[in-house]
Amino acid sequence: MNNIRASLRKREFIEFCSQVYHNKMAFAGTIILFFFILMAVLGPLIVPFDVLDFGAAGDVLQPPSQGHLLGTDDMGRDVLAYLVSGSRVSLLVGSLATALSMVVGTVIGIVAGYSGKAIDNILMRLTDFFLVIPWLPLMMVLAAVLGTSIWNIIIVIGMTSWAGTARVVRAQTLSVREQQFVERTISIGADSRHIMLRHILPNVFPLIFANTILVAAIAITSETTLSFLGLGDPTTASWGMMLHYAFEAGATSQGAYWFFLPPGMCVVAVVLAFTFIGYAFDEILNPKLRQR
Amino acid sequence: MRKRRLLKKIVYALITVFFVLVFNYFLFRILPGDVVSMLSRNAKISPEMIENIRAAYGLDLPWYEQFALYLRDLFTGNLGTSFTYKKPVIEVIGGKILPTVVLLGVAEIIAILIGIFFGVVSAWKRGKALDTGLLTTSLLLYSMPVFWFGMILVLIFSATLQLLPTGGMVTPGRLYADSWARMADIGRHMVMPAICMGLAMVGEYAITMRSTMIDVLQEDYITTARAKGFGESYVLRKHALPNAMLPMITIIAINLGLIVGGAIQIETVFSWPGLGNLMYTALNNRDYPLLQGLFLIVTVSVILANVLADLLYELVDPRVKS
Amino acid sequence: MLLEVKNLRTYFRTTKGILKAVDDVSFSLDRGEALGIVGESGCGKTTCALSIAKMLPKEGYIEGGEVLLNGKDLARLSEKEIRSHRWKDVSIVFQGAMNALNPVMTVGKQIAEAIELHDKLDRAAAMQKAADMLELVDIPKDRIDRYPHEFSGGMKQRVMIAMALACNSKVVIGDEPTTALDVMIQAQILELLEKLRQQMDMGLILITHDLSILSETCDRIAVMYAGKIVETGTAEDIFEHARHPYTQRLTACFPDISAKKIIPEGIEGFPPNLIQPPKGCRFHPRCQHAIERCRQDDPAMVWLAKEHQAACHLVEMPHE
């Protein structure tokens with residue numbers, strides 16, 4: 001019995017991968033993401049400069065040249081080195097925050113959808129609360145109160161973006177719960193936790209997967225924005241922090257485009273990649289949306 | 001029946017506002033360590049101020065009395081005193097509301113007009129080059145961090161082309177012949193931030209409008225309208241658009257929270273003297289009373305705006321009217 | 001002759017090839033006449049009717065043939081030119097159960113807008129006429145400012161009829177006007193259509209998959225199968241003297257309350273693929289009487305009686 005299920009799942013997975021491969025948007029998005037993951041992992045090993053290499057006074061804010069492919073920043077550091085090591089931080093914070101958000105959102109969504117009545121009501125009020133409050137002021141205020149270490153940032157982003165996921169997961173849980181096999185499992189006396197884990201979760205999983213991608217895009221943008229506003233961890237070098245320093249140094253009015261254009265472009269590229277993949281997943285998993 | 005539904009929505013909104021009040025209250029009390037010792041790390045505060053705060057916050061009183069004090073203060077408009085400005089928070093905030101509202105208003109209008117236009121054209125010419133182009137543009141605008149977009153605009157139009165000022169609401173030190181001249185100066189300063197904010201929101205509106213429009217155009221009443229002999233333009237304007245606009249109202253309402261986020265970023269980049277910029281300043285100075293007050297006012301405004309939008313929708317959709 | 005459709009061919013471009021939805025169809029309609037077109041889903045009857053007003057989706061096009069309305073060929077007209085003929089000369093009563101009425105526009109406005117467009121009346125006069133139309137279909141005039149969702153299924157269908165007649169069109173096409181309505185309401189709607197047809201002397205085409213509703217209302221009936229007309233005749237011809245095997249099976253599907261008890265049989269098999277239709281007679285794969293000739297040659301229409309024609313090789317042979 002388990003073998004049949006396992007081989008069915010495997011077939012579904014292969015089918016899914018092949019659809020992703022053929023979908024242009026998903027393909028493009030995946031390639032872009034791959035590139036950035038590569039950049040994060042290998043980049044700092046390839047680029048000849050270190051982020052901490054402060055240059056001599058005359059090297060400050062130099063445009064791109066032979067020596068420095070992307071020029072230097074306001075402290076004489078090589079922008080490319082900064083960019084590449086920034087990718088590590090941005091992607092790491094983005095993924096961890098997303099993971100946190102997804103876990104919280106999924107748990108709340110499943111528990112709310114499955115339990116119904118009072119628990120559902122309370123959890124939904126809580127979710128609505130987080131949905132209606134404007135995201136940036138909330139994050140700013142939380143970060144101001146908790147402090148700006150990198151872990152706090154991850155917690156702040158994770159704890160403020162789960163509401164959308166919770167809503168979506170709850171809806172799906174409700175519909176799965178109505179299905180016959182769940183009724184039968186309840187009637188043979190299985191306990192709630194078992195049902196939620198073994199039956200509800202696998203059926204909700206594809207939806208969660210698609211949702212994760214979109215949350216990831218939000219997480220990266222959030223980290224970048226928070227860092228830009230001065231709430232990032234000053235000991236780390238993310239793309240958002242680069243933009244923060246660029247702004248503080250007046251790079252815009254001085255025309256030092258090489259300092260702030262690359263990190264922004266990287267963020268846009270990553271967000272676009274996630275968005276493409278997310279849309280493609282939506283199309284694949286939701287047959288109604290497919291083009292006629 | 002309808003009245004009951006409306007009443008329910010208003011009650012829910014009030015409950016949410018109450019939760020915000022509670023949240024706001026506890027937020028600044030759960031600071032690790034004593035509130036006062038936390039505050040005393042801020043170099044700008046003098047020992048007298050610390051004592052005043054201690055008394056004002058009533059920190060030696062039991063928690064429910066403190067909370068009651070907090071509520072009483074709120075309802076009498078006392079939001080504390082700002083560390084940075086040394087004035088009552090409510091005064092500081094009051095002076096900055098208008099610039100933000102004006103900026104947001106103009107930006108929202110730009111975003112709605114362009115967004116709807118893009119969305120409608122995209123849906124109409126679905127699959128063709130124009131659709132792909134507009135969709136890509138919308139996606140790009142949607143993916144860009146708002147503040148970064150602002151920085152690019154400053155680079156192009158201020159630093160390089162020298163067409164528009166880099167920031168602020170008025171040119172410092174300028175004297176005006178009359179109020180028209182002053183308005184013109186303000187207008188000149190508002191061009192970039194308003195366009196930046198507007199375009200940043202166009203992305204979401206265009207994409208949503210496009211998909212709503214595509215759904216609407218497949219409905220049977222569109223076929224009926226065409227069968228009557230009307231041209232595409234009439235069918236789009238009089239039949240498709242009114243139906244597509246209904247979900248847009250909801251989207252615009254949902255977006256209000258995002259606009260606030262955008263406002264903070266834009267006002268920071270362009271030094272526009274509004275609430276967003278104020279929040280940035282308060283944050284950097286760890287001016288907690290000001291932050292608390294701003295958070296409260298901004299959040300409650302968004303909640304109320306959402307309720308208003310909800311009510312508006314009820315008034316407008318005939319299916320809900322009866 | 002009010003309307004003459006000659007050798008109409010309407011095709012659709014699909015990713016898998018050209019779909020021949022309507023392949024060489026001819027029929028005619030005179031003033032005050034009622035013609036019923038009946039067939040299974042997908043046989044091309046709706047496409048055929050929509051082709052008259054050139055109301056085709058972007059994949060559809062008229063490949064050949066003529067659609068003569070009072071002698072003028074509508075098939076030749078451009079999109080812009082045919083707009084002036086839509087509703088004024090040819091109007092369509094869609095299925096009311098569909099979302100064919102705009103939910104955010106009042107019923108009166110939807111009727112009036114066509115009048116404003118074609119009869120060039122101003123708003124007030126058009127609304128007045130719209131109110132008259134509502135009265136014609138037995139709907140109280142004061143309902144003119146109501147929205148579609150405030151009407152029941154049967155009343156919505158009446159609104160559709162009122163709307164279709166608003167510009168006094170010469171040809172009215174009813175596309176499944178009674179499907180999804182319950183039987184009592186169906187009867188009312190058919191009665192109404194009959195009354196109006198006589199009153200306004202218009203040509204009526206009724207499209208349906210339900211043969212039973214045509215027996216009382218239509219002067220002539222055309223049976224379609226796989227994009228072609230296989231038999232036409234008066235109601236009596238079709239119900240009592242059907243000659244084409246498909247028509248025979250179709251009429252046999254409807255139980256007759258006065259005849260002896262027979263269990264109705266369905267027709268085995270499936271409608272053919274219209275991108276690659278079968279060679280010869282399109283019905284031959286499902287026909288019990290098919291002979292070799294049926295597999296090779298496409299049968300032409302053969303006259304059997306004054307109004308009765310059928311397209312089958314067997315009718316030329318002695319009746320079995």
# chains A, B, ... in the order shown; residues from 1 in each chain; ligands from 1
call {"tool": "residues_around", "arguments": {"residues": "segment 33-48 of chain A", "least_positions_apart": "2", "cutoff": "9 Å", "atoms": "only C-alpha atoms", "output": "list in words"}}
result
Ala28, Gly29, Thr30, Ile31, Asp50, Val51, Leu80, Ala81, Tyr82, Val84, Ser85, Gly86, Ser87, Arg88, Val89, Leu91, Cys266, Ala269, Val270, Ala273 and Phe274 of chain A
call {"tool": "interface_residues", "arguments": {"of": "chain C", "to": "chain B", "cutoff": "6 Å", "atoms": "only C-alpha atoms", "output": "PyMOL selection string"}}
result
chain C and resi 83+86-87+99-102
call {"tool": "residues_around", "arguments": {"residues": "Gln254 of chain A", "least_positions_apart": "2", "cutoff": "12 Å", "atoms": "only C-alpha atoms", "output": "ChimeraX atom specification"}}
result
/A:61-63,74,246-252,256-260 /B:151-152,154-156,158-160,162,166
call {"tool": "write_last_selection", "arguments": {"atoms": "C-alpha atoms", "output": "PDB file, in the first residue's frame"}}
result
ATOM      1  CA  LEU A  61      33.415  56.768  -4.776  1.00  0.00           C
ATOM      2  CA  GLN A  62      35.284  55.962  -7.921  1.00  0.00           C
ATOM      3  CA  PRO A  63      33.343  55.021 -11.053  1.00  0.00           C
ATOM      4  CA  ASP A  74      31.997  55.825   0.038  1.00  0.00           C
ATOM      5  CA  ALA A 246      24.593  54.836  -0.597  1.00  0.00           C
ATOM      6  CA  PHE A 247      21.723  57.062   0.355  1.00  0.00           C
ATOM      7  CA  GLU A 248      23.407  58.385   3.463  1.00  0.00           C
ATOM      8  CA  ALA A 249      26.506  59.173   1.448  1.00  0.00           C
ATOM      9  CA  GLY A 250      24.482  61.131  -1.067  1.00  0.00           C
ATOM     10  CA  ALA A 251      25.301  58.810  -3.927  1.00  0.00           C
ATOM     11  CA  THR A 252      22.132  59.808  -5.745  1.00  0.00           C
ATOM     12  CA  ALA A 256      27.431  57.719  -8.162  1.00  0.00           C
ATOM     13  CA  TYR A 257      25.102  55.302  -9.913  1.00  0.00           C
ATOM     14  CA  TRP A 258      27.456  52.348  -9.643  1.00  0.00           C
ATOM     15  CA  PHE A 259      26.960  52.267  -5.915  1.00  0.00           C
ATOM     16  CA  PHE A 260      23.211  52.016  -5.706  1.00  0.00           C
TER      17      PHE A 260
ATOM     18  CA  MET B 151      16.681  57.103  -6.002  1.00  0.00           C
ATOM     19  CA  ILE B 152      16.872  56.374  -9.702  1.00  0.00           C
ATOM     20  CA  VAL B 154      16.573  61.591  -8.405  1.00  0.00           C
ATOM     21  CA  LEU B 155      19.662  60.453 -10.246  1.00  0.00           C
ATOM     22  CA  ILE B 156      18.124  61.019 -13.654  1.00  0.00           C
ATOM     23  CA  SER B 158      17.924  65.979 -10.484  1.00  0.00           C
ATOM     24  CA  ALA B 159      21.556  65.030 -10.593  1.00  0.00           C
ATOM     25  CA  THR B 160      21.949  64.451 -14.299  1.00  0.00           C
ATOM     26  CA  GLN B 162      18.979  69.169 -13.430  1.00  0.00           C
ATOM     27  CA  THR B 166      16.311  66.775  -5.205  1.00  0.00           C
TER      28      THR B 166
END
call {"tool": "select_by_dssp", "arguments": {"residues": "segment 4-183 of chain A", "states": "helix (DSSP H, G or I)", "output": "PyMOL selection string"}}
result
chain A and resi 4-22+24-46+57-59+79-115+117-132+135-146+150-160+162-177+180-183
call {"tool": "interface_residues", "arguments": {"of": "chain A", "to": "chain B", "cutoff": "9 Å", "atoms": "only C-alpha atoms", "output": "PDB file with N, CA and C atoms, in the first residue's frame"}}
result
ATOM      1  N   ARG A 125      -9.441  36.192  13.882  1.00  0.00           N
ATOM      2  CA  ARG A 125      -9.395  37.608  14.304  1.00  0.00           C
ATOM      3  C   ARG A 125      -7.947  38.051  14.351  1.00  0.00           C
ATOM      4  N   ASP A 128      -6.701  38.522  10.810  1.00  0.00           N
ATOM      5  CA  ASP A 128      -7.219  39.763  10.234  1.00  0.00           C
ATOM      6  C   ASP A 128      -6.478  40.961  10.780  1.00  0.00           C
ATOM      7  N   PHE A 129      -6.188  40.910  12.056  1.00  0.00           N
ATOM      8  CA  PHE A 129      -5.457  41.987  12.699  1.00  0.00           C
ATOM      9  C   PHE A 129      -4.141  42.233  11.976  1.00  0.00           C
ATOM     10  N   LEU A 131      -3.370  41.322   9.055  1.00  0.00           N
ATOM     11  CA  LEU A 131      -3.553  41.660   7.651  1.00  0.00           C
ATOM     12  C   LEU A 131      -3.845  43.135   7.445  1.00  0.00           C
ATOM     13  N   VAL A 132      -4.586  43.718   8.399  1.00  0.00           N
ATOM     14  CA  VAL A 132      -5.033  45.078   8.164  1.00  0.00           C
ATOM     15  C   VAL A 132      -3.996  46.118   8.578  1.00  0.00           C
ATOM     16  N   ILE A 133      -3.127  45.741   9.494  1.00  0.00           N
ATOM     17  CA  ILE A 133      -2.135  46.724   9.937  1.00  0.00           C
ATOM     18  C   ILE A 133      -1.094  46.939   8.842  1.00  0.00           C
ATOM     19  N   PRO A 134      -0.788  48.200   8.536  1.00  0.00           N
ATOM     20  CA  PRO A 134       0.194  48.473   7.481  1.00  0.00           C
ATOM     21  C   PRO A 134       1.553  47.871   7.843  1.00  0.00           C
ATOM     22  N   TRP A 135       2.129  47.185   6.860  1.00  0.00           N
ATOM     23  CA  TRP A 135       3.291  46.342   7.146  1.00  0.00           C
ATOM     24  C   TRP A 135       4.530  47.109   7.580  1.00  0.00           C
ATOM     25  N   LEU A 136       4.824  48.198   6.895  1.00  0.00           N
ATOM     26  CA  LEU A 136       6.080  48.866   7.199  1.00  0.00           C
ATOM     27  C   LEU A 136       6.099  49.533   8.574  1.00  0.00           C
ATOM     28  N   PRO A 137       5.064  50.290   8.939  1.00  0.00           N
ATOM     29  CA  PRO A 137       5.090  50.852  10.287  1.00  0.00           C
ATOM     30  C   PRO A 137       5.200  49.756  11.353  1.00  0.00           C
ATOM     31  N   LEU A 138       4.486  48.640  11.114  1.00  0.00           N
ATOM     32  CA  LEU A 138       4.531  47.560  12.096  1.00  0.00           C
ATOM     33  C   LEU A 138       5.942  47.018  12.226  1.00  0.00           C
ATOM     34  N   MET A 140       8.724  48.493  11.375  1.00  0.00           N
ATOM     35  CA  MET A 140       9.622  49.510  11.895  1.00  0.00           C
ATOM     36  C   MET A 140       9.532  49.570  13.408  1.00  0.00           C
ATOM     37  N   VAL A 141       8.309  49.573  13.882  1.00  0.00           N
ATOM     38  CA  VAL A 141       8.104  49.701  15.318  1.00  0.00           C
ATOM     39  C   VAL A 141       8.644  48.480  16.061  1.00  0.00           C
ATOM     40  N   LEU A 142       8.382  47.301  15.504  1.00  0.00           N
ATOM     41  CA  LEU A 142       8.889  46.081  16.156  1.00  0.00           C
ATOM     42  C   LEU A 142      10.411  46.063  16.166  1.00  0.00           C
ATOM     43  N   ALA A 144      12.380  48.597  16.022  1.00  0.00           N
ATOM     44  CA  ALA A 144      12.882  49.626  16.928  1.00  0.00           C
ATOM     45  C   ALA A 144      12.873  49.106  18.363  1.00  0.00           C
ATOM     46  N   VAL A 145      11.836  48.355  18.680  1.00  0.00           N
ATOM     47  CA  VAL A 145      11.702  47.877  20.057  1.00  0.00           C
ATOM     48  C   VAL A 145      12.622  46.692  20.343  1.00  0.00           C
ATOM     49  N   LEU A 146      12.715  45.781  19.377  1.00  0.00           N
ATOM     50  CA  LEU A 146      13.463  44.554  19.643  1.00  0.00           C
ATOM     51  C   LEU A 146      14.950  44.687  19.391  1.00  0.00           C
ATOM     52  N   ALA A 217       9.459  36.497  -2.070  1.00  0.00           N
ATOM     53  CA  ALA A 217       9.658  37.782  -2.743  1.00  0.00           C
ATOM     54  C   ALA A 217       9.401  38.931  -1.773  1.00  0.00           C
ATOM     55  N   THR A 221      12.151  41.825  -0.229  1.00  0.00           N
ATOM     56  CA  THR A 221      11.865  43.254  -0.338  1.00  0.00           C
ATOM     57  C   THR A 221      11.792  43.883   1.045  1.00  0.00           C
ATOM     58  N   SER A 222      11.199  43.166   1.996  1.00  0.00           N
ATOM     59  CA  SER A 222      11.074  43.716   3.345  1.00  0.00           C
ATOM     60  C   SER A 222      12.434  43.944   3.965  1.00  0.00           C
ATOM     61  N   THR A 224      15.246  44.401   2.511  1.00  0.00           N
ATOM     62  CA  THR A 224      15.919  45.500   1.823  1.00  0.00           C
ATOM     63  C   THR A 224      15.384  46.846   2.311  1.00  0.00           C
ATOM     64  N   THR A 225      14.071  46.943   2.423  1.00  0.00           N
ATOM     65  CA  THR A 225      13.486  48.201   2.848  1.00  0.00           C
ATOM     66  C   THR A 225      13.840  48.535   4.285  1.00  0.00           C
ATOM     67  N   PHE A 228      17.375  49.674   4.458  1.00  0.00           N
ATOM     68  CA  PHE A 228      17.503  51.006   3.874  1.00  0.00           C
ATOM     69  C   PHE A 228      17.101  52.075   4.874  1.00  0.00           C
ATOM     70  N   LEU A 229      16.052  51.800   5.630  1.00  0.00           N
ATOM     71  CA  LEU A 229      15.560  52.790   6.573  1.00  0.00           C
ATOM     72  C   LEU A 229      16.396  52.861   7.840  1.00  0.00           C
ATOM     73  N   GLY A 230      17.432  52.068   7.906  1.00  0.00           N
ATOM     74  CA  GLY A 230      18.310  52.153   9.064  1.00  0.00           C
ATOM     75  C   GLY A 230      18.033  51.099  10.112  1.00  0.00           C
ATOM     76  N   LEU A 231      17.216  50.130   9.779  1.00  0.00           N
ATOM     77  CA  LEU A 231      16.879  49.115  10.764  1.00  0.00           C
ATOM     78  C   LEU A 231      17.610  47.807  10.512  1.00  0.00           C
ATOM     79  N   LEU A 243      22.304  49.969   0.025  1.00  0.00           N
ATOM     80  CA  LEU A 243      21.484  51.079  -0.411  1.00  0.00           C
ATOM     81  C   LEU A 243      21.374  52.131   0.690  1.00  0.00           C
ATOM     82  N   PHE A 247      22.598  55.917   0.159  1.00  0.00           N
ATOM     83  CA  PHE A 247      21.723  57.062   0.355  1.00  0.00           C
ATOM     84  C   PHE A 247      22.330  58.051   1.341  1.00  0.00           C
ATOM     85  N   ALA A 251      24.898  59.346  -2.629  1.00  0.00           N
ATOM     86  CA  ALA A 251      25.301  58.810  -3.927  1.00  0.00           C
ATOM     87  C   ALA A 251      24.364  59.245  -5.053  1.00  0.00           C
ATOM     88  N   THR A 252      23.080  59.430  -4.706  1.00  0.00           N
ATOM     89  CA  THR A 252      22.132  59.808  -5.745  1.00  0.00           C
ATOM     90  C   THR A 252      22.420  61.191  -6.290  1.00  0.00           C
ATOM     91  N   SER A 253      22.535  62.156  -5.371  1.00  0.00           N
ATOM     92  CA  SER A 253      22.732  63.510  -5.877  1.00  0.00           C
ATOM     93  C   SER A 253      24.125  63.716  -6.454  1.00  0.00           C
ATOM     94  N   GLN A 254      25.049  62.828  -6.065  1.00  0.00           N
ATOM     95  CA  GLN A 254      26.385  62.963  -6.639  1.00  0.00           C
ATOM     96  C   GLN A 254      26.551  62.169  -7.915  1.00  0.00           C
ATOM     97  N   GLY A 255      25.516  61.467  -8.282  1.00  0.00           N
ATOM     98  CA  GLY A 255      25.587  60.723  -9.528  1.00  0.00           C
ATOM     99  C   GLY A 255      26.407  59.452  -9.455  1.00  0.00           C
ATOM    100  N   ALA A 256      26.623  58.947  -8.263  1.00  0.00           N
ATOM    101  CA  ALA A 256      27.431  57.719  -8.162  1.00  0.00           C
ATOM    102  C   ALA A 256      26.557  56.495  -8.376  1.00  0.00           C
ATOM    103  N   TYR A 257      26.089  56.346  -9.595  1.00  0.00           N
ATOM    104  CA  TYR A 257      25.102  55.302  -9.913  1.00  0.00           C
ATOM    105  C   TYR A 257      25.627  53.892  -9.652  1.00  0.00           C
ATOM    106  N   PHE A 260      24.552  52.456  -6.097  1.00  0.00           N
ATOM    107  CA  PHE A 260      23.211  52.016  -5.706  1.00  0.00           C
ATOM    108  C   PHE A 260      22.428  51.295  -6.795  1.00  0.00           C
ATOM    109  N   LEU A 261      22.857  51.397  -8.060  1.00  0.00           N
ATOM    110  CA  LEU A 261      22.111  50.665  -9.082  1.00  0.00           C
ATOM    111  C   LEU A 261      22.268  49.139  -8.964  1.00  0.00           C
ATOM    112  N   GLY A 264      20.161  47.343  -6.155  1.00  0.00           N
ATOM    113  CA  GLY A 264      18.737  47.429  -6.460  1.00  0.00           C
ATOM    114  C   GLY A 264      18.358  46.477  -7.576  1.00  0.00           C
ATOM    115  N   MET A 265      19.197  46.448  -8.606  1.00  0.00           N
ATOM    116  CA  MET A 265      18.910  45.563  -9.729  1.00  0.00           C
ATOM    117  C   MET A 265      18.904  44.105  -9.290  1.00  0.00           C
ATOM    118  N   VAL A 267      18.064  42.998  -6.338  1.00  0.00           N
ATOM    119  CA  VAL A 267      16.813  42.757  -5.622  1.00  0.00           C
ATOM    120  C   VAL A 267      15.667  42.577  -6.613  1.00  0.00           C
ATOM    121  N   VAL A 268      15.597  43.466  -7.602  1.00  0.00           N
ATOM    122  CA  VAL A 268      14.535  43.366  -8.609  1.00  0.00           C
ATOM    123  C   VAL A 268      14.602  42.017  -9.311  1.00  0.00           C
ATOM    124  N   ALA A 269      15.814  41.605  -9.685  1.00  0.00           N
ATOM    125  CA  ALA A 269      15.961  40.334 -10.394  1.00  0.00           C
ATOM    126  C   ALA A 269      15.469  39.170  -9.555  1.00  0.00           C
ATOM    127  N   VAL A 270      15.867  39.143  -8.295  1.00  0.00           N
ATOM    128  CA  VAL A 270      15.462  38.027  -7.433  1.00  0.00           C
ATOM    129  C   VAL A 270      13.946  38.033  -7.228  1.00  0.00           C
ATOM    130  N   VAL A 271      13.399  39.219  -6.975  1.00  0.00           N
ATOM    131  CA  VAL A 271      11.946  39.308  -6.768  1.00  0.00           C
ATOM    132  C   VAL A 271      11.197  38.869  -8.024  1.00  0.00           C
ATOM    133  N   LEU A 272      11.673  39.327  -9.193  1.00  0.00           N
ATOM    134  CA  LEU A 272      11.048  38.916 -10.447  1.00  0.00           C
ATOM    135  C   LEU A 272      11.125  37.404 -10.613  1.00  0.00           C
ATOM    136  N   THR A 275       8.612  35.850  -8.474  1.00  0.00           N
ATOM    137  CA  THR A 275       7.271  36.117  -8.985  1.00  0.00           C
ATOM    138  C   THR A 275       6.961  35.236 -10.179  1.00  0.00           C
TER     139      THR A 275
END
call {"tool": "interface_residues", "arguments": {"of": "chain C", "to": "chain A", "cutoff": "12 Å", "atoms": "only C-alpha atoms", "output": "list in words"}}
result
Thr14, Thr15 and Glu59 of chain C
call {"tool": "residues_around", "arguments": {"residues": "Val104 of chain A", "least_positions_apart": "2", "cutoff": "9 Å", "atoms": "only C-alpha atoms", "output": "PyMOL selection string"}}
result
chain A and resi 99-102+106-109+158-159+162-163+165-166
call {"tool": "write_last_selection", "arguments": {"atoms": "C-alpha atoms", "output": "compact mmCIF listing (two decimals), in the first residue's frame"}}
result
# COMPACT_ATOMS: atom_id res chain seq x y z
CA ALA A 99 10.60 29.69 6.43
CA LEU A 100 9.47 31.19 9.70
CA SER A 101 6.53 32.89 8.06
CA MET A 102 5.44 29.73 6.29
CA THR A 106 0.66 26.94 7.97
CA VAL A 107 0.28 25.86 11.58
CA ILE A 108 -2.24 28.58 12.31
CA GLY A 109 -4.08 27.93 9.06
CA GLY A 158 8.57 36.25 9.70
CA MET A 159 6.12 37.27 12.39
CA TRP A 162 2.31 34.95 7.94
CA ALA A 163 -1.26 36.23 7.81
CA THR A 165 -0.50 32.24 4.19
CA ALA A 166 -2.71 31.45 7.17
call {"tool": "atom_distance", "arguments": {"atom1": "atom CA of Ile37 of chain C", "atom2": "atom CA of Cys218 of chain C"}}
result
9.6 Å
call {"tool": "residues_around", "arguments": {"residues": "Thr251 of chain C", "least_positions_apart": "4", "cutoff": "12 Å", "atoms": "only C-alpha atoms", "output": "PyMOL selection string"}}
result
chain C and resi 38-39+209-212+214-215+223+235-247+255-256+264-267
call {"tool": "write_last_selection", "arguments": {"atoms": "N, CA and C atoms", "output": "short mmCIF file (atom, residue, chain, number, x, y, z; two decimals), in the first residue's frame"}}
result
data_model
loop_
_atom_site.label_atom_id
_atom_site.label_comp_id
_atom_site.auth_asym_id
_atom_site.auth_seq_id
_atom_site.Cartn_x
_atom_site.Cartn_y
_atom_site.Cartn_z
N VAL C 38 -32.45 21.57 -34.89
CA VAL C 38 -32.23 20.68 -33.75
C VAL C 38 -31.03 19.79 -33.98
N GLY C 39 -30.35 19.41 -32.92
CA GLY C 39 -29.19 18.52 -33.04
C GLY C 39 -28.50 18.39 -31.71
N HIS C 209 -31.67 21.48 -28.53
CA HIS C 209 -31.33 20.07 -28.64
C HIS C 209 -32.54 19.24 -28.23
N ASP C 210 -33.58 19.96 -27.83
CA ASP C 210 -34.79 19.31 -27.34
C ASP C 210 -35.87 19.31 -28.42
N LEU C 211 -35.97 18.22 -29.12
CA LEU C 211 -36.89 18.13 -30.25
C LEU C 211 -38.34 18.39 -29.86
N SER C 212 -38.68 18.02 -28.65
CA SER C 212 -40.09 18.08 -28.26
C SER C 212 -40.67 19.48 -28.27
N LEU C 214 -40.23 21.72 -30.39
CA LEU C 214 -40.43 22.26 -31.73
C LEU C 214 -41.73 21.79 -32.36
N SER C 215 -42.31 20.75 -31.83
CA SER C 215 -43.45 20.15 -32.51
C SER C 215 -44.62 21.11 -32.62
N VAL C 223 -32.78 19.21 -39.12
CA VAL C 223 -32.00 18.39 -38.20
C VAL C 223 -30.54 18.46 -38.61
N ALA C 235 -43.11 19.80 -39.30
CA ALA C 235 -43.08 19.08 -38.03
C ALA C 235 -43.62 17.66 -38.21
N GLU C 236 -44.66 17.58 -39.03
CA GLU C 236 -45.26 16.26 -39.27
C GLU C 236 -44.28 15.35 -39.99
N ASP C 237 -43.63 15.90 -41.02
CA ASP C 237 -42.64 15.11 -41.76
C ASP C 237 -41.61 14.53 -40.81
N ILE C 238 -41.09 15.36 -39.94
CA ILE C 238 -39.99 14.94 -39.08
C ILE C 238 -40.47 13.94 -38.02
N PHE C 239 -41.57 14.23 -37.42
CA PHE C 239 -42.00 13.36 -36.32
C PHE C 239 -42.65 12.07 -36.81
N GLU C 240 -43.41 12.17 -37.88
CA GLU C 240 -44.15 10.99 -38.33
C GLU C 240 -43.45 10.23 -39.45
N HIS C 241 -42.76 10.96 -40.35
CA HIS C 241 -42.21 10.30 -41.52
C HIS C 241 -40.70 10.51 -41.64
N ALA C 242 -39.98 10.46 -40.55
CA ALA C 242 -38.53 10.70 -40.63
C ALA C 242 -37.88 9.64 -41.51
N ARG C 243 -36.98 10.07 -42.42
CA ARG C 243 -36.35 9.13 -43.31
C ARG C 243 -34.87 8.95 -43.03
N HIS C 244 -34.22 9.96 -42.52
CA HIS C 244 -32.80 9.82 -42.24
C HIS C 244 -32.63 9.00 -40.95
N PRO C 245 -31.72 8.03 -40.95
CA PRO C 245 -31.56 7.18 -39.76
C PRO C 245 -31.31 7.96 -38.47
N TYR C 246 -30.57 9.05 -38.57
CA TYR C 246 -30.30 9.83 -37.37
C TYR C 246 -31.59 10.45 -36.84
N THR C 247 -32.37 11.04 -37.74
CA THR C 247 -33.63 11.64 -37.32
C THR C 247 -34.54 10.59 -36.69
N PRO C 255 -40.25 9.64 -25.67
CA PRO C 255 -41.38 8.72 -25.46
C PRO C 255 -42.70 9.39 -25.85
N ASP C 256 -43.56 8.61 -26.45
CA ASP C 256 -44.88 9.10 -26.86
C ASP C 256 -45.90 8.55 -25.88
N PRO C 264 -36.94 3.97 -24.55
CA PRO C 264 -36.16 4.73 -25.52
C PRO C 264 -34.69 4.29 -25.52
N GLU C 265 -34.14 4.17 -26.72
CA GLU C 265 -32.73 3.79 -26.81
C GLU C 265 -31.90 5.00 -27.14
N GLY C 266 -30.75 5.07 -26.57
CA GLY C 266 -29.84 6.15 -26.96
C GLY C 266 -29.19 5.76 -28.27
N ILE C 267 -28.41 6.62 -28.82
CA ILE C 267 -27.67 6.32 -30.04
C ILE C 267 -26.24 5.99 -29.62
#
call {"tool": "residues_around", "arguments": {"residues": "segment 131-135 of chain B", "least_positions_apart": "4", "cutoff": "7 Å", "atoms": "only C-alpha atoms", "output": "MDAnalysis selection string"}}
result
chainID B and resid 118 122 125:127 139 207
